[in-house]
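As stored in coords_16.txt (compact mmCIF, C-alpha atoms and all ligand atoms):
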```txt
# COMPACT_ATOMS: atom_id res chain seq x y z
CA MET A 1 323.71 83.11 261.91
CA SER A 2 321.47 80.40 260.47
CA PRO A 3 318.41 81.25 258.34
CA PRO A 4 315.02 80.25 259.79
CA ASP A 5 313.89 78.15 256.78
CA TYR A 6 312.83 75.33 259.13
CA PHE A 7 312.22 77.37 262.28
CA GLU A 8 309.11 76.40 264.25
CA VAL A 9 308.13 75.30 267.75
CA THR A 10 307.56 71.54 267.71
CA TYR A 11 308.70 70.68 271.25
CA ALA A 12 308.93 72.58 274.54
CA ILE A 13 312.28 72.62 276.32
CA ASN A 14 311.71 75.99 277.97
CA PRO A 15 308.53 77.71 279.25
CA TRP A 16 308.38 80.19 276.35
CA MET A 17 307.79 77.27 273.98
CA LYS A 18 304.58 76.31 275.79
CA GLY A 19 302.56 79.23 274.39
CA ASP A 20 299.64 78.50 272.12
CA THR A 21 300.22 80.97 269.28
CA PRO A 22 302.08 79.13 266.53
CA VAL A 23 305.13 80.61 264.82
CA ASP A 24 304.40 82.57 261.65
CA ARG A 25 307.29 81.27 259.56
CA SER A 26 307.17 83.94 256.85
CA LEU A 27 307.11 86.68 259.50
CA ALA A 28 310.05 84.94 261.22
CA ILE A 29 311.99 84.99 257.95
CA GLN A 30 311.27 88.73 257.55
CA GLN A 31 312.32 89.47 261.13
CA TRP A 32 315.52 87.44 260.80
CA ASN A 33 316.38 89.23 257.53
CA GLN A 34 315.86 92.57 259.27
CA LEU A 35 318.26 91.57 262.03
CA ARG A 36 320.84 90.42 259.51
CA SER A 37 320.53 93.57 257.39
CA ALA A 38 320.70 95.81 260.44
CA LEU A 39 323.91 94.08 261.59
CA CYS A 40 325.48 94.39 258.14
CA ASP A 41 324.24 97.87 257.18
CA LYS A 42 324.50 99.71 260.49
CA ALA A 43 327.37 97.98 262.24
CA ARG A 44 329.19 96.78 259.11
CA ALA A 45 329.26 93.25 260.51
CA ARG A 46 330.13 90.35 258.23
CA VAL A 47 327.82 87.39 258.69
CA SER A 48 328.73 83.74 257.99
CA LEU A 49 325.84 81.33 257.64
CA VAL A 50 325.16 77.82 258.95
CA LYS A 51 323.00 75.99 256.42
CA PRO A 52 319.51 75.36 257.83
CA VAL A 53 318.52 71.72 258.29
CA ALA A 54 314.98 70.28 258.18
CA GLY A 55 313.95 68.80 261.52
CA LEU A 56 316.31 71.05 263.55
CA PRO A 57 314.07 74.06 264.25
CA ASP A 58 316.33 75.56 266.95
CA LEU A 59 319.44 75.60 264.72
CA VAL A 60 318.64 79.31 264.18
CA PHE A 61 319.90 79.94 267.72
CA THR A 62 323.58 79.87 266.80
CA ALA A 63 324.61 81.49 270.10
CA ASN A 64 324.37 78.00 271.51
CA ALA A 65 326.73 76.46 268.94
CA ALA A 66 329.91 76.96 270.92
CA PHE A 67 332.00 79.22 273.09
CA VAL A 68 334.50 80.76 270.68
CA TYR A 69 337.69 82.42 271.87
CA GLY A 70 340.74 83.14 269.71
CA ASP A 71 341.07 80.32 267.20
CA ARG A 72 339.41 77.65 269.34
CA ALA A 73 335.82 76.74 270.07
CA ILE A 74 334.27 74.59 272.77
CA LEU A 75 331.36 72.98 270.97
CA ALA A 76 327.91 72.69 272.52
CA ARG A 77 326.75 69.46 274.05
CA PHE A 78 323.02 70.09 274.34
CA LYS A 79 321.21 69.04 277.47
CA ASN A 80 318.03 68.15 275.61
CA GLU A 81 317.97 65.33 273.09
CA GLU A 82 315.85 67.56 270.81
CA ARG A 83 318.86 69.78 270.05
CA ARG A 84 321.71 67.26 270.02
CA GLY A 85 321.34 66.78 266.25
CA GLU A 86 322.60 70.34 265.80
CA GLU A 87 326.06 69.56 267.15
CA PRO A 88 327.63 68.02 263.99
CA HIS A 89 326.31 70.91 261.87
CA PHE A 90 327.79 73.52 264.18
CA ARG A 91 331.03 71.54 264.37
CA ALA A 92 331.35 71.38 260.58
CA SER A 93 330.62 75.11 260.19
CA LEU A 94 333.20 76.06 262.82
CA GLU A 95 335.82 73.81 261.25
CA THR A 96 335.12 75.30 257.83
CA LEU A 97 335.74 78.71 259.36
CA GLY A 98 339.11 77.46 260.62
CA TYR A 99 338.43 76.91 264.32
CA THR A 100 339.90 74.05 266.32
CA VAL A 101 336.89 72.44 267.96
CA VAL A 102 336.93 70.89 271.43
CA GLU A 103 334.03 68.70 272.62
CA PRO A 104 332.99 68.99 276.25
CA PRO A 105 332.24 65.78 278.19
CA VAL A 106 329.17 67.30 279.92
CA ALA A 107 326.17 69.46 279.00
CA PHE A 108 327.25 72.87 277.77
CA GLU A 109 325.26 75.36 275.65
CA GLY A 110 327.97 77.58 274.22
CA ALA A 111 327.70 81.36 274.19
CA GLY A 112 324.18 81.00 275.57
CA ASP A 113 325.83 80.28 278.92
CA ALA A 114 329.38 81.65 278.67
CA LEU A 115 330.03 85.35 278.07
CA VAL A 116 333.32 87.22 278.12
CA TYR A 117 333.11 90.27 280.36
CA ASP A 118 335.46 93.22 279.81
CA GLY A 119 337.93 91.04 277.87
CA ARG A 120 339.28 89.58 281.09
CA LEU A 121 336.89 87.09 282.58
CA VAL A 122 334.08 84.76 281.67
CA LEU A 123 330.66 84.94 283.29
CA ALA A 124 329.07 81.52 282.99
CA GLY A 125 325.59 80.22 283.80
CA TYR A 126 324.68 76.76 285.04
CA ARG A 127 321.90 74.57 286.39
CA GLN A 128 319.25 74.88 283.67
CA ARG A 129 321.28 73.78 280.62
CA THR A 130 325.02 73.82 281.30
CA GLU A 131 326.79 71.65 283.89
CA VAL A 132 328.94 73.69 286.23
CA SER A 133 331.92 71.41 285.51
CA ALA A 134 331.93 72.70 281.91
CA HIS A 135 333.03 76.04 283.37
CA GLN A 136 336.30 74.42 284.49
CA LEU A 137 336.90 73.28 280.94
CA ILE A 138 336.63 76.88 279.68
CA SER A 139 339.04 78.03 282.33
CA ARG A 140 341.52 75.24 281.56
CA GLU A 141 341.34 75.63 277.76
CA PHE A 142 341.66 79.39 277.66
CA GLY A 143 343.37 80.28 280.92
CA LEU A 144 340.59 82.71 281.80
CA PRO A 145 338.97 83.14 285.19
CA VAL A 146 335.38 81.89 285.08
CA LEU A 147 332.73 83.12 287.51
CA SER A 148 329.85 80.66 287.82
CA LEU A 149 326.36 82.07 288.18
CA GLU A 150 323.42 79.84 289.05
CA LEU A 151 320.30 80.43 286.99
CA HIS A 152 317.42 79.69 289.25
CA THR A 153 314.35 80.52 287.18
CA GLU A 154 312.97 78.46 284.31
CA HIS A 155 312.24 81.46 282.11
CA PHE A 156 315.81 82.73 282.21
CA TYR A 157 317.41 79.40 281.43
CA HIS A 158 320.48 80.62 279.52
CA LEU A 159 322.77 83.30 280.90
CA ASP A 160 322.28 85.39 277.75
CA THR A 161 318.55 85.70 278.52
CA CYS A 162 319.31 87.62 281.72
CA LEU A 163 322.78 89.15 281.38
CA CYS A 164 324.67 90.91 278.62
CA PRO A 165 328.24 92.25 278.88
CA LEU A 166 328.88 95.36 276.77
CA ASP A 167 332.11 97.08 275.75
CA GLY A 168 333.71 99.32 278.32
CA GLY A 169 332.83 96.95 281.16
CA HIS A 170 329.13 97.83 281.04
CA LEU A 171 326.61 95.10 281.78
CA ILE A 172 322.85 94.74 281.35
CA TYR A 173 321.26 92.22 283.72
CA TYR A 174 318.01 91.09 285.29
CA PRO A 175 318.73 90.68 289.02
CA GLU A 176 315.77 88.39 289.72
CA ALA A 177 317.18 85.66 287.50
CA PHE A 178 320.04 85.15 289.96
CA ASP A 179 320.26 83.97 293.54
CA GLU A 180 321.79 86.01 296.32
CA TYR A 181 325.23 84.51 295.79
CA GLY A 182 325.15 85.16 292.04
CA LEU A 183 324.21 88.78 292.65
CA LYS A 184 327.12 89.13 295.06
CA VAL A 185 329.49 87.80 292.40
CA ILE A 186 328.13 90.28 289.83
CA GLU A 187 328.30 93.17 292.28
CA ALA A 188 331.83 92.30 293.37
CA ASN A 189 333.12 92.22 289.80
CA VAL A 190 331.14 94.89 287.97
CA PRO A 191 331.35 98.45 289.30
CA GLU A 192 327.97 99.88 290.26
CA GLU A 193 328.03 102.66 287.66
CA LYS A 194 328.57 100.04 284.95
CA ARG A 195 325.59 97.87 285.96
CA LEU A 196 322.31 98.48 284.22
CA SER A 197 319.47 96.41 285.64
CA VAL A 198 316.24 95.79 283.75
CA THR A 199 312.70 95.33 285.04
CA GLY A 200 310.69 92.11 284.81
CA ALA A 201 308.69 93.48 281.87
CA GLU A 202 311.88 94.45 280.02
CA ALA A 203 313.51 91.10 280.82
CA ARG A 204 310.47 89.23 279.45
CA ASN A 205 310.91 91.23 276.25
CA PHE A 206 314.48 89.86 276.11
CA ALA A 207 316.12 93.19 276.98
CA CYS A 208 319.23 91.30 278.09
CA ASN A 209 319.44 89.35 274.84
CA ALA A 210 321.28 92.14 273.04
CA VAL A 211 323.86 92.08 270.28
CA GLN A 212 326.44 94.83 270.58
CA VAL A 213 328.72 95.71 267.67
CA GLY A 214 330.74 98.88 268.10
CA ARG A 215 328.44 101.58 269.39
CA TYR A 216 325.28 99.85 268.15
CA ILE A 217 323.10 97.62 270.29
CA PHE A 218 320.48 95.48 268.53
CA LEU A 219 317.48 94.59 270.65
CA ASN A 220 313.92 93.31 270.49
CA GLN A 221 311.46 96.15 271.14
CA PRO A 222 313.53 98.10 273.69
CA SER A 223 311.73 100.28 276.23
CA SER A 224 312.45 103.99 275.96
CA ARG A 225 313.87 103.89 279.48
CA LEU A 226 316.44 101.27 278.48
CA SER A 227 317.29 102.99 275.18
CA GLN A 228 317.92 106.24 277.03
CA ALA A 229 320.03 104.55 279.69
CA LEU A 230 322.14 102.95 276.96
CA ASN A 231 322.38 106.27 275.08
CA ARG A 232 323.77 107.91 278.18
CA ARG A 233 326.48 105.25 278.19
CA GLY A 234 327.42 106.12 274.61
CA PHE A 235 325.50 103.38 272.77
CA GLU A 236 322.92 103.70 270.03
CA VAL A 237 320.03 101.26 270.26
CA VAL A 238 318.57 99.67 267.14
CA GLY A 239 315.12 98.29 267.98
CA LEU A 240 313.81 95.27 266.09
CA ASP A 241 310.71 93.12 266.21
CA LEU A 242 311.68 89.50 266.87
CA SER A 243 308.28 88.35 268.16
CA GLU A 244 308.36 84.98 266.36
CA PHE A 245 311.66 83.96 267.99
CA LEU A 246 310.43 84.92 271.45
CA LYS A 247 307.94 82.07 271.03
CA ALA A 248 310.91 79.69 271.15
CA GLY A 249 312.59 81.53 274.02
CA GLY A 250 315.17 83.45 272.00
CA SER A 251 315.87 86.91 270.59
CA ALA A 252 318.63 88.94 268.91
CA LYS A 253 321.64 87.59 270.79
CA CYS A 254 320.49 83.96 270.59
CA LEU A 255 320.24 84.31 266.82
CA THR A 256 323.93 85.16 266.50
CA LEU A 257 327.30 83.78 267.54
CA ARG A 258 330.05 86.33 267.75
CA LEU A 259 333.24 85.16 266.03
CA ALA A 260 335.47 88.22 266.31
N1 LIG A 301 314.42 76.99 271.92
C1 LIG A 301 315.80 77.18 272.20
C2 LIG A 301 316.19 76.39 273.44
O1 LIG A 301 315.40 76.27 274.33
C3 LIG A 301 316.10 78.64 272.37
C4 LIG A 301 317.56 78.93 272.55
C5 LIG A 301 317.85 80.36 272.80
N2 LIG A 301 319.22 80.60 272.80
C6 LIG A 301 319.90 81.33 273.70
N3 LIG A 301 321.17 81.53 273.52
N4 LIG A 301 319.33 81.78 274.79
O2 LIG A 301 317.28 75.87 273.54
```

Full structure transcribed into structure tokens:
Amino acid sequence: MSPPDYFEVTYAINPWMKGDTPVDRSLAIQQWNQLRSALCDKARARVSLVKPVAGLPDLVFTANAAFVYGDRAILARFKNEERRGEEPHFRASLETLGYTVVEPPVAFEGAGDALVYDGRLVLAGYRQRTEVSAHQLISREFGLPVLSLELHTEHFYHLDTCLCPLDGGHLIYYPEAFDEYGLKVIEANVPEEKRLSVTGAEARNFACNAVQVGRYIFLNQPSSRLSQALNRRGFEVVGLDLSEFLKAGGSAKCLTLRLA
């Protein structure tokens, strides 16, 4: 994670950033601290920090830093110039943690667009931020099958805004963020009883942007319907208020990068 000392919305590279209510930085700091404490206290997670940097307001969204698997990481190559300055900071942090870092030759936004499903395959998004050819690099580097899913709406521009794999092969997703072919791929690979779809209202509250650690799932303001559905699958939902980060188009999952 990376503390929101310099978090704000100064440019708009996704539609969420076009709102007119400015970020309340001190509230953002409180909300981020609550997420961090919840992860550490409830789920006993250990959190490593990337030092915040002035002028890089989106550095808080560490999910985009890289796709990490085993002891290697494919570093982000941001599509938008506004975020490219983050790359050397993420690279240095990953190297300090002992990862071998590979740089992709095309746009790639890390674990925002590449998610391991059920320990056996990678679901990967493209079109809005990541080039589809980056998916081949993941497959080549790690020997994992990669299923490419086109993201065809501007609001759900990273795969982790509209799809979240959970342990046990469960999956939360927002069907409308995908095209017909993408839905077929999801349906062919995820058994029906393991698929949990969310409504438009839930998706806009970042219901798919969940962090799961053990039986806990950390989420921005979950609906009671979703919490109950996750309970029935054996998970316990920890609701948080991450309103300030939604203004930049991110929530719980975007604020973290899973390392183990
Ligand atoms: N403002 C950031 C951007 O548009 C938000 C990134 C959210 N991260 C994520 N993994 N979805 O790039």

At a cut-off of 10 Å around ligand LIG 301 (chain A), and using all atoms listed in the file, what residues come up? Please write them as a VMD selection string. chain A and resid 7 to 17 57 to 65 78 to 80 82 to 83 109 to 114 129 155 to 162 206 209 245 to 257

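Counting from CA of Arg72 (chain A), the distance to CA of Thr100 (chain A) is 4.7 Å.
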
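Here CA of Glu103 (chain A) stands at a distance of 5.9 Å from CA of Ile74 (chain A).
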
Identify the residues within 10 Å of coordinate (323.3, 99.8, 273.8) (same frame as the file), considering only C-alpha atoms, and give the answer as a ChimeraX atom specification. /A:166-167,170-172,210-219,222,226-238

Rank nothing, just name the residue among A:Tyr181, A:Phe108, A:Trp32, A:Tyr173 nearest to Pro4 (chain A), using all atoms listed in the file. A:Trp32

In terms of the shortest atom-to-atom distance over all atoms listed in the file, which of A:Ala38, A:Ala66, A:Val185, A:Ala177 is closest to Gly200 (chain A)? A:Ala177
